[in-house]
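Trainee: My file is coords_37.csv. It has CSV, C-alpha atoms and all ligand atoms:
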```csv
chain,number,residue,atom,x,y,z
A,156,GLU,CA,-36.9,81.4,166.2
A,157,VAL,CA,-36.2,77.8,167.1
A,158,ALA,CA,-38.9,75.9,169.0
A,159,VAL,CA,-38.6,72.4,170.3
A,160,LEU,CA,-41.7,70.2,170.6
A,161,ARG,CA,-41.5,67.1,172.9
A,162,LEU,CA,-44.2,64.6,171.9
A,163,GLY,CA,-45.5,62.3,174.6
A,164,HIS,CA,-44.8,62.2,178.3
A,165,ARG,CA,-45.4,59.3,180.8
A,166,PRO,CA,-45.8,61.0,184.1
A,167,GLY,CA,-43.3,59.7,186.6
A,168,ARG,CA,-41.2,57.6,184.3
A,169,ASP,CA,-40.5,60.4,181.8
A,170,ASN,CA,-40.1,63.3,184.2
A,171,ARG,CA,-36.3,63.5,184.0
A,172,MET,CA,-36.1,63.0,180.3
A,173,THR,CA,-38.7,65.6,179.6
A,174,THR,CA,-37.0,68.0,181.9
A,175,HIS,CA,-33.7,67.3,180.2
A,176,VAL,CA,-35.2,67.9,176.7
A,177,GLY,CA,-36.2,71.4,178.0
A,178,LEU,CA,-32.9,72.1,179.7
A,179,THR,CA,-30.9,71.0,176.6
A,180,ALA,CA,-33.1,73.1,174.3
A,181,ARG,CA,-32.5,76.1,176.5
A,182,ALA,CA,-28.8,75.6,177.0
A,183,LEU,CA,-28.1,74.9,173.3
A,184,GLY,CA,-29.8,77.9,171.8
A,185,ALA,CA,-33.5,77.2,171.2
A,186,ASP,CA,-36.0,80.0,172.1
A,187,ARG,CA,-38.7,77.8,173.6
A,188,VAL,CA,-39.9,74.3,174.3
A,189,VAL,CA,-43.4,72.9,174.1
A,190,LEU,CA,-44.2,69.9,176.3
A,191,ALA,CA,-47.2,67.6,176.6
A,192,SER,CA,-50.0,68.9,178.9
A,193,ASP,CA,-49.2,66.4,181.7
A,194,ALA,CA,-45.6,67.5,182.0
A,195,ARG,CA,-46.2,70.3,184.5
A,196,THR,CA,-43.5,69.1,186.9
A,197,SER,CA,-40.9,69.4,184.1
A,198,LEU,CA,-42.2,72.8,183.1
A,199,GLU,CA,-41.7,74.0,186.7
A,200,THR,CA,-38.1,72.7,186.9
A,201,ILE,CA,-37.2,74.3,183.5
A,202,SER,CA,-38.8,77.6,184.5
A,203,ASP,CA,-37.0,77.6,187.8
A,204,ILE,CA,-33.6,77.0,186.0
A,205,THR,CA,-34.4,79.9,183.6
A,206,ASP,CA,-35.2,82.2,186.5
A,207,ARG,CA,-31.9,81.4,188.2
A,208,PHE,CA,-29.5,81.1,185.2
A,209,GLY,CA,-31.2,83.4,182.7
A,210,GLY,CA,-32.9,83.5,179.4
A,211,PRO,CA,-34.7,84.4,177.3
A,212,PHE,CA,-36.4,81.0,177.1
A,213,SER,CA,-40.0,80.0,177.5
A,214,VAL,CA,-41.7,76.7,178.3
A,215,GLU,CA,-45.3,75.9,177.5
A,216,LEU,CA,-47.7,73.0,177.7
A,217,ALA,CA,-49.8,71.9,174.7
A,218,ASP,CA,-53.1,70.1,174.8
A,219,ASP,CA,-52.8,69.3,171.1
A,220,PRO,CA,-49.2,68.9,170.1
A,221,LYS,CA,-50.0,67.8,166.6
A,222,ARG,CA,-51.8,71.0,166.0
A,223,ILE,CA,-48.6,72.8,166.7
A,224,ILE,CA,-46.9,70.8,164.0
A,225,ARG,CA,-49.8,71.4,161.5
A,226,GLU,CA,-49.9,75.2,162.2
A,227,PHE,CA,-46.2,75.9,162.6
A,228,PRO,CA,-45.3,78.8,160.3
A,229,GLY,CA,-41.9,77.5,159.3
A,230,VAL,CA,-39.9,74.3,158.7
A,231,VAL,CA,-40.7,71.2,160.8
A,232,VAL,CA,-37.7,68.9,161.6
A,233,HIS,CA,-38.6,65.6,163.2
A,234,LEU,CA,-35.6,63.8,164.8
A,235,THR,CA,-35.8,60.1,164.3
A,236,MET,CA,-33.3,57.2,163.8
A,237,TYR,CA,-35.1,56.4,160.6
A,238,GLY,CA,-34.5,59.8,159.0
A,239,LEU,CA,-32.0,61.2,156.6
A,240,PRO,CA,-28.5,61.6,158.0
A,241,VAL,CA,-28.1,65.0,159.7
A,242,GLN,CA,-24.8,65.7,157.9
A,243,ASN,CA,-26.6,65.4,154.5
A,244,VAL,CA,-29.5,67.8,155.2
A,245,GLU,CA,-28.0,70.3,157.7
A,246,ASP,CA,-27.0,72.8,155.0
A,247,GLU,CA,-30.5,72.9,153.6
A,248,ILE,CA,-32.1,73.2,157.1
A,249,ARG,CA,-29.7,76.0,158.0
A,250,ALA,CA,-30.6,77.9,154.9
A,251,ALA,CA,-34.3,77.4,155.7
A,252,HIS,CA,-33.6,78.8,159.2
A,253,ALA,CA,-32.1,81.9,157.8
A,254,ASP,CA,-35.5,82.6,156.2
A,255,GLY,CA,-37.8,81.6,159.1
A,256,PRO,CA,-38.6,79.7,162.2
A,257,VAL,CA,-37.7,76.0,162.8
A,258,LEU,CA,-39.7,73.5,164.9
A,259,VAL,CA,-37.6,70.6,166.1
A,260,VAL,CA,-39.8,67.6,167.1
A,261,VAL,CA,-38.6,64.8,169.4
A,262,GLY,CA,-40.5,61.8,170.7
A,263,ALA,CA,-40.6,59.9,174.0
A,264,GLU,CA,-42.0,56.5,173.1
A,265,LYS,CA,-43.1,55.5,169.6
A,266,VAL,CA,-44.0,58.4,167.4
A,267,SER,CA,-47.0,57.9,165.1
A,268,PHE,CA,-46.5,57.9,161.4
A,269,ASP,CA,-48.5,61.0,160.7
A,270,VAL,CA,-45.7,63.0,162.3
A,271,TYR,CA,-43.2,61.5,159.8
A,272,GLU,CA,-45.6,62.7,157.1
A,273,ALA,CA,-46.3,66.1,158.5
A,274,ALA,CA,-42.5,66.9,159.0
A,275,ASP,CA,-40.6,68.8,156.3
A,276,TYR,CA,-37.5,66.8,157.3
A,277,ASN,CA,-37.1,63.5,159.1
A,278,VAL,CA,-33.5,63.6,160.4
A,279,GLY,CA,-31.4,61.0,162.0
A,280,VAL,CA,-28.4,61.8,164.2
A,281,THR,CA,-26.9,58.5,163.1
A,282,ASN,CA,-29.4,55.8,162.2
A,283,GLN,CA,-28.9,54.1,165.5
A,284,PRO,CA,-31.4,54.1,168.4
A,285,HIS,CA,-30.4,56.5,171.2
A,286,SER,CA,-32.1,59.4,173.0
A,287,GLU,CA,-34.1,62.5,172.3
A,288,VAL,CA,-31.8,64.5,174.5
A,289,ALA,CA,-28.7,63.4,172.6
A,290,GLY,CA,-30.3,63.8,169.2
A,291,LEU,CA,-31.5,67.3,170.1
A,292,ALA,CA,-28.1,68.4,171.4
A,293,VAL,CA,-26.3,67.3,168.2
A,294,PHE,CA,-28.9,68.7,165.9
A,295,LEU,CA,-29.0,72.2,167.6
A,296,ASP,CA,-25.2,72.3,167.6
A,297,ARG,CA,-25.2,71.6,163.8
A,298,LEU,CA,-28.1,74.1,163.2
A,299,PHE,CA,-26.2,76.9,165.0
A,300,ASP,CA,-22.8,75.8,163.8
A,301,GLY,CA,-21.5,75.9,167.3
A,302,ARG,CA,-22.4,79.6,167.9
A,303,GLU,CA,-24.8,78.7,170.7
A,304,LEU,CA,-21.8,77.8,172.9
A,305,ASP,CA,-21.0,81.5,173.2
A,306,ARG,CA,-24.5,82.7,173.9
A,307,GLU,CA,-25.1,85.5,176.5
A,308,TRP,CA,-27.8,85.2,179.1
A,309,THR,CA,-30.1,87.9,180.4
A,310,ASP,CA,-32.0,88.3,183.7
A,311,ALA,CA,-29.9,85.6,185.4
A,312,ASP,CA,-29.5,85.9,189.2
A,313,ARG,CA,-26.4,83.8,189.2
A,314,ARG,CA,-23.6,82.9,186.8
A,315,VAL,CA,-21.0,80.2,186.7
A,316,VAL,CA,-17.4,81.3,186.5
A,317,PRO,CA,-15.6,78.6,184.5
A,318,MET,CA,-12.7,77.0,186.3
A,319,ALA,CA,-10.2,74.3,185.5
A,320,THR,CA,-10.9,72.8,188.9
A,321,GLY,CA,-13.5,73.8,191.4
A,322,LYS,CA,-17.0,75.2,191.4
A,323,LYS,CA,-17.6,78.9,191.4
A,324,VAL,CA,-21.0,80.6,191.1
A,325,VAL,CA,-21.4,84.3,191.6
A,326,PRO,CA,-24.5,86.5,191.9
A,327,VAL,CA,-25.2,88.6,188.9
A,328,ASP,CA,-25.5,92.4,189.5
A,329,PRO,CA,-29.0,93.3,188.3
A,330,GLU,CA,-27.5,96.4,186.6
A,331,GLU,CA,-25.2,94.2,184.4
B,1,LIG,N1,-38.6,53.6,169.1
B,1,LIG,C1,-39.2,54.9,169.0
B,1,LIG,C2,-39.8,55.1,167.6
B,1,LIG,O1,-39.7,54.2,166.8
B,1,LIG,O2,-40.3,56.2,167.3
B,1,LIG,C3,-38.3,56.0,169.4
B,1,LIG,C4,-38.1,56.1,170.9
B,1,LIG,S1,-36.6,57.0,171.3
B,1,LIG,C5,-36.2,56.4,172.8
B,1,LIG,C6,-37.2,58.6,171.7
B,1,LIG,C7,-36.8,59.7,170.7
B,1,LIG,O3,-35.4,59.9,170.6
B,1,LIG,C8,-37.3,59.5,169.3
B,1,LIG,O4,-38.6,59.8,169.1
B,1,LIG,C9,-36.4,60.5,168.5
B,1,LIG,O5,-36.9,61.8,168.6
B,1,LIG,C10,-35.1,60.4,169.4
B,1,LIG,N2,-34.0,59.6,168.7
B,1,LIG,C11,-33.6,58.4,169.1
B,1,LIG,N3,-32.7,58.0,168.3
B,1,LIG,C12,-32.4,59.0,167.4
B,1,LIG,C13,-31.5,59.1,166.3
B,1,LIG,N4,-30.6,58.2,165.9
B,1,LIG,N5,-31.6,60.3,165.6
B,1,LIG,C14,-32.4,61.3,166.0
B,1,LIG,N6,-33.3,61.2,167.0
B,1,LIG,C15,-33.3,60.0,167.7
```
Please express what this file holds, its structure, as structure tokens.
Ligand code: SAM
Mentor:
Amino acid sequence: EVAVLRLGHRPGRDNRMTTHVGLTARALGADRVVLASDARTSLETISDITDRFGGPFSVELADDPKRIIREFPGVVVHLTMYGLPVQNVEDEIRAAHADGPVLVVVGAEKVSFDVYEAADYNVGVTNQPHSEVAGLAVFLDRLFDGRELDREWTDADRRVVPMATGKKVVPVDPEE
């Protein structure tokens, strides 16, 4: 299992970013995302996309996100510009994933230092400041070695037919 935990959420200001963390987690192969308890609007958008475009993927809210880190029964990877370069630790993390679940933690605003201490790995996707959405996307692609790009979806009610030019979306036969 791969779970993503988004720490922090400033209602209003962070709505799009929090939603995009969830949509990126879903699209790039994670099994679930956990959001801060005041991110209900983002939870609804992510659930709605999952209903239309398929899963399996789940989204939850957490009152105490740090407890999720403490009690996670696997490897905790905190994405931060201050961490070890992803290219140096990805093999080790992939090996750990072969044996058990991985929790990927991303922040919104400043992340408190206890998260750095609680994580098994603090990982930088470059050591430059950018975005939790970008960091998550690159990290998941490294973790899955690109295989997430070929993922199949179940229980979708629509599907995009890839085209060189144009936009084609077709209903999915429930028997499929
Ligand atoms: N300045 C904040 C701090 O010191 O914790 C970080 C805020 S940043 C806008 C939001 C999140 O994006 C971070 O918590 C981290 O998860 C992610 N992020 C930003 N740059 C990153 C990088 N180079 N590598 C990995 N994650 C990064």
Trainee: May I have a table of the residues of chain A lying at most 8 Å from ligand LIG 1 (chain B), giving each one's closest pair of atoms and their distance in Å to one decimal, counting only C-alpha atoms and all ligand atoms, ordered by chain and ascending residue number, as CSV?
Mentor:
```
residue,atom,partner,partner_atom,distance
A:Leu162,CA,B:LIG1,O4,7.9
A:His233,CA,B:LIG1,O5,6.8
A:Leu234,CA,B:LIG1,N6,4.1
A:Thr235,CA,B:LIG1,N6,3.8
A:Met236,CA,B:LIG1,N4,3.6
A:Tyr237,CA,B:LIG1,N4,7.2
A:Gly238,CA,B:LIG1,N5,7.2
A:Val260,CA,B:LIG1,O5,6.7
A:Val261,CA,B:LIG1,O5,3.5
A:Gly262,CA,B:LIG1,O4,3.2
A:Ala263,CA,B:LIG1,C6,4.3
A:Glu264,CA,B:LIG1,C4,4.5
A:Lys265,CA,B:LIG1,O2,3.7
A:Val266,CA,B:LIG1,O2,4.3
A:Ser267,CA,B:LIG1,O2,7.3
A:Val278,CA,B:LIG1,C14,6.2
A:Gly279,CA,B:LIG1,N5,3.7
A:Val280,CA,B:LIG1,N5,3.8
A:Thr281,CA,B:LIG1,N4,4.6
A:Asn282,CA,B:LIG1,N4,4.6
A:Gln283,CA,B:LIG1,N4,4.5
A:Pro284,CA,B:LIG1,N3,4.1
A:His285,CA,B:LIG1,N3,4.0
A:Ser286,CA,B:LIG1,O3,4.1
A:Glu287,CA,B:LIG1,O3,3.4
A:Val288,CA,B:LIG1,O3,7.0
A:Ala289,CA,B:LIG1,C15,7.5
A:Gly290,CA,B:LIG1,N6,4.5
A:Leu291,CA,B:LIG1,N6,7.1
```
Trainee: What's around Glu215 of chain A at 8 Å? Count all atoms listed in the file, leave out sequence neighbours fewer than 6 positions away in its own chain, and write the answer as an MDAnalysis selection string.
Mentor: chainID A and resid 187:190 198
Trainee: Please indicate the distance in Å from atom CA of Ala194 of chain A to atom CA of Val159 of chain A, rounded to one decimal place.
Mentor: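 Those two atoms sit 14.5 Å apart.
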Trainee: From the options A:Thr179, A:Val257, A:Gly163, A:Asp246, which residue's atoms come nearest to Asp218 of chain A, counting all atoms listed in the file?
Mentor: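 Under the stated criterion, the closest residue is A:Gly163.
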Trainee: How far is it from atom CA of Arg313 of chain A to atom CA of Thr200 of chain A, in Å with one decimal?
Mentor: 16.3 Å
Trainee: What is the atom CA of Val214 of chain A-atom CA of Trp308 of chain A distance in Å, reported with one decimal?
Mentor: 16.3 Å
Trainee: Choose the residue, out of A:Glu226, A:Asp203, A:Asp296, A:Asp169, that has the smallest atom-to-atom separation from Leu183 of chain A; count all atoms listed in the file.
Mentor: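 So, comparing all the options, the nearest one is A:Asp296.
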Trainee: Once you count only C-alpha atoms, which residues end up no further than 10 Å from (-33.1, 78.5, 174.8) in the file's frame, shown as a ChimeraX atom specification?
Mentor: /A:156-159,177-188,205,209-214,303,306,308
Trainee: Rank A:Arg222, A:Arg171, A:Asp310, A:Val316 by their smallest atom-to-atom distance to Pro329 of chain A, using all atoms listed in the file, and report the top residue only.
Mentor: A:Asp310
Trainee: Tell me which of A:Leu160, A:Pro220, A:Arg225, A:Gly321 sits closest to Val259 of chain A, counting all atoms listed in the file.
Mentor: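 For Val259 of chain A, the nearest of the given residues is A:Leu160.
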Trainee: Counting all atoms listed in the file, which of A:Leu216, A:Ala274, A:Ala191, A:Ile204 gets nearest to Ala311 of chain A?
Mentor: A:Ile204
Trainee: Which of these, A:Met172, A:Phe227, A:Ser202, A:Arg207, has the shortest distance to Arg314 of chain A once you count all atoms listed in the file?
Mentor: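 Residue with the minimum atom-to-atom distance to Arg314 of chain A: A:Arg207.
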Trainee: Given 6 Å of margin on each side, can you work out the centre and size in Å (one decimal) of an axis-aligned box holding every listed atom of segment 282-287 of chain A, as AutoDock Vina command-line options?
Mentor:
```
--center_x -31.5 --center_y 58.3 --center_z 167.6 --size_x 17.2 --size_y 20.4 --size_z 22.8
```
Trainee: Which residues, written as a compact mmCIF listing (two decimals) with C-alpha atoms, in the frame of the given file, have at least one atom at most 10 Å from Ala273 of chain A, with all atoms listed in the file counted and residues fewer than 2 positions away on the same chain left out?
Mentor:
```txt
# COMPACT_ATOMS: atom_id res chain seq x y z
CA LYS A 221 -50.00 67.80 166.60
CA ILE A 224 -46.90 70.80 164.00
CA ARG A 225 -49.80 71.40 161.50
CA VAL A 231 -40.70 71.20 160.80
CA VAL A 232 -37.70 68.90 161.60
CA HIS A 233 -38.60 65.60 163.20
CA PHE A 268 -46.50 57.90 161.40
CA ASP A 269 -48.50 61.00 160.70
CA VAL A 270 -45.70 63.00 162.30
CA TYR A 271 -43.20 61.50 159.80
CA ASP A 275 -40.60 68.80 156.30
CA TYR A 276 -37.50 66.80 157.30
CA ASN A 277 -37.10 63.50 159.10
```
Trainee: Write out as a list in words each polymer residue whose atoms come within 10 Å of Arg249 of chain A, counting only C-alpha atoms; drop sequence neighbours fewer than 6 positions from it.
Mentor: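 After dropping sequence-adjacent residues, the list is Gly255, Val257, Arg297, Leu298, Phe299 and Asp300 of chain A.
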Trainee: Working from the structure I just supplied, which lacks atoms in segment 262-291 of chain A, can you model N, CA and C atoms there and output them as a compact mmCIF listing (two decimals), keeping the file's coordinate frame?
Mentor:
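Output contents, as saved in rebuild.txt:
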```
# COMPACT_ATOMS: atom_id res chain seq x y z
N GLY A 262 -39.48 62.70 170.13
CA GLY A 262 -40.50 61.80 170.70
C GLY A 262 -40.05 61.36 172.11
N ALA A 263 -40.91 60.56 172.70
CA ALA A 263 -40.60 59.90 174.00
C ALA A 263 -40.67 58.41 173.70
N GLU A 264 -41.88 57.91 173.53
CA GLU A 264 -42.00 56.50 173.10
C GLU A 264 -42.28 56.54 171.58
N LYS A 265 -42.95 55.55 171.07
CA LYS A 265 -43.10 55.50 169.60
C LYS A 265 -43.90 56.67 169.08
N VAL A 266 -43.36 57.22 168.01
CA VAL A 266 -44.00 58.40 167.40
C VAL A 266 -44.86 57.92 166.23
N SER A 267 -46.10 58.42 166.15
CA SER A 267 -47.00 57.90 165.10
C SER A 267 -46.61 58.40 163.74
N PHE A 268 -47.03 57.64 162.73
CA PHE A 268 -46.50 57.90 161.40
C PHE A 268 -46.94 59.21 160.80
N ASP A 269 -48.08 59.73 161.27
CA ASP A 269 -48.50 61.00 160.70
C ASP A 269 -47.50 62.13 161.00
N VAL A 270 -46.72 61.97 162.06
CA VAL A 270 -45.70 63.00 162.30
C VAL A 270 -44.57 62.90 161.27
N TYR A 271 -44.24 61.69 160.85
CA TYR A 271 -43.20 61.50 159.80
C TYR A 271 -43.72 62.20 158.49
N GLU A 272 -45.04 62.10 158.28
CA GLU A 272 -45.60 62.70 157.10
C GLU A 272 -45.75 64.19 157.15
N ALA A 273 -46.04 64.66 158.35
CA ALA A 273 -46.30 66.10 158.50
C ALA A 273 -44.93 66.88 158.53
N ALA A 274 -43.83 66.20 158.89
CA ALA A 274 -42.50 66.90 159.00
C ALA A 274 -42.02 67.26 157.59
N ASP A 275 -41.34 68.41 157.52
CA ASP A 275 -40.60 68.80 156.30
C ASP A 275 -39.38 67.92 156.13
N TYR A 276 -38.74 67.62 157.27
CA TYR A 276 -37.50 66.80 157.30
C TYR A 276 -37.62 65.78 158.40
N ASN A 277 -37.35 64.52 158.09
CA ASN A 277 -37.10 63.50 159.10
C ASN A 277 -35.61 63.28 159.15
N VAL A 278 -35.01 63.55 160.30
CA VAL A 278 -33.50 63.60 160.40
C VAL A 278 -33.01 62.68 161.43
N GLY A 279 -32.01 61.90 161.04
CA GLY A 279 -31.40 61.00 162.00
C GLY A 279 -29.99 61.52 162.38
N VAL A 280 -29.73 61.46 163.67
CA VAL A 280 -28.40 61.80 164.20
C VAL A 280 -27.76 60.39 164.40
N THR A 281 -27.16 59.88 163.36
CA THR A 281 -26.90 58.50 163.10
C THR A 281 -28.21 57.76 162.87
N ASN A 282 -28.16 56.55 162.35
CA ASN A 282 -29.40 55.80 162.20
C ASN A 282 -29.42 54.66 163.26
N GLN A 283 -28.87 54.99 164.41
CA GLN A 283 -28.90 54.10 165.50
C GLN A 283 -29.85 54.59 166.60
N PRO A 284 -30.47 53.68 167.36
CA PRO A 284 -31.40 54.10 168.40
C PRO A 284 -30.60 54.74 169.58
N HIS A 285 -31.00 55.94 170.00
CA HIS A 285 -30.40 56.50 171.20
C HIS A 285 -31.47 57.34 171.93
N SER A 286 -31.20 58.62 172.16
CA SER A 286 -32.10 59.40 173.00
C SER A 286 -32.46 60.71 172.43
N GLU A 287 -33.64 61.20 172.77
CA GLU A 287 -34.10 62.50 172.30
C GLU A 287 -33.21 63.63 172.79
N VAL A 288 -32.62 63.46 173.96
CA VAL A 288 -31.80 64.50 174.50
C VAL A 288 -30.47 64.59 173.69
N ALA A 289 -29.89 63.44 173.40
CA ALA A 289 -28.70 63.40 172.60
C ALA A 289 -28.92 63.89 171.18
N GLY A 290 -30.01 63.43 170.57
CA GLY A 290 -30.30 63.80 169.20
C GLY A 290 -30.53 65.33 169.12
N LEU A 291 -31.25 65.86 170.09
CA LEU A 291 -31.50 67.30 170.10
C LEU A 291 -30.22 68.10 170.25
```
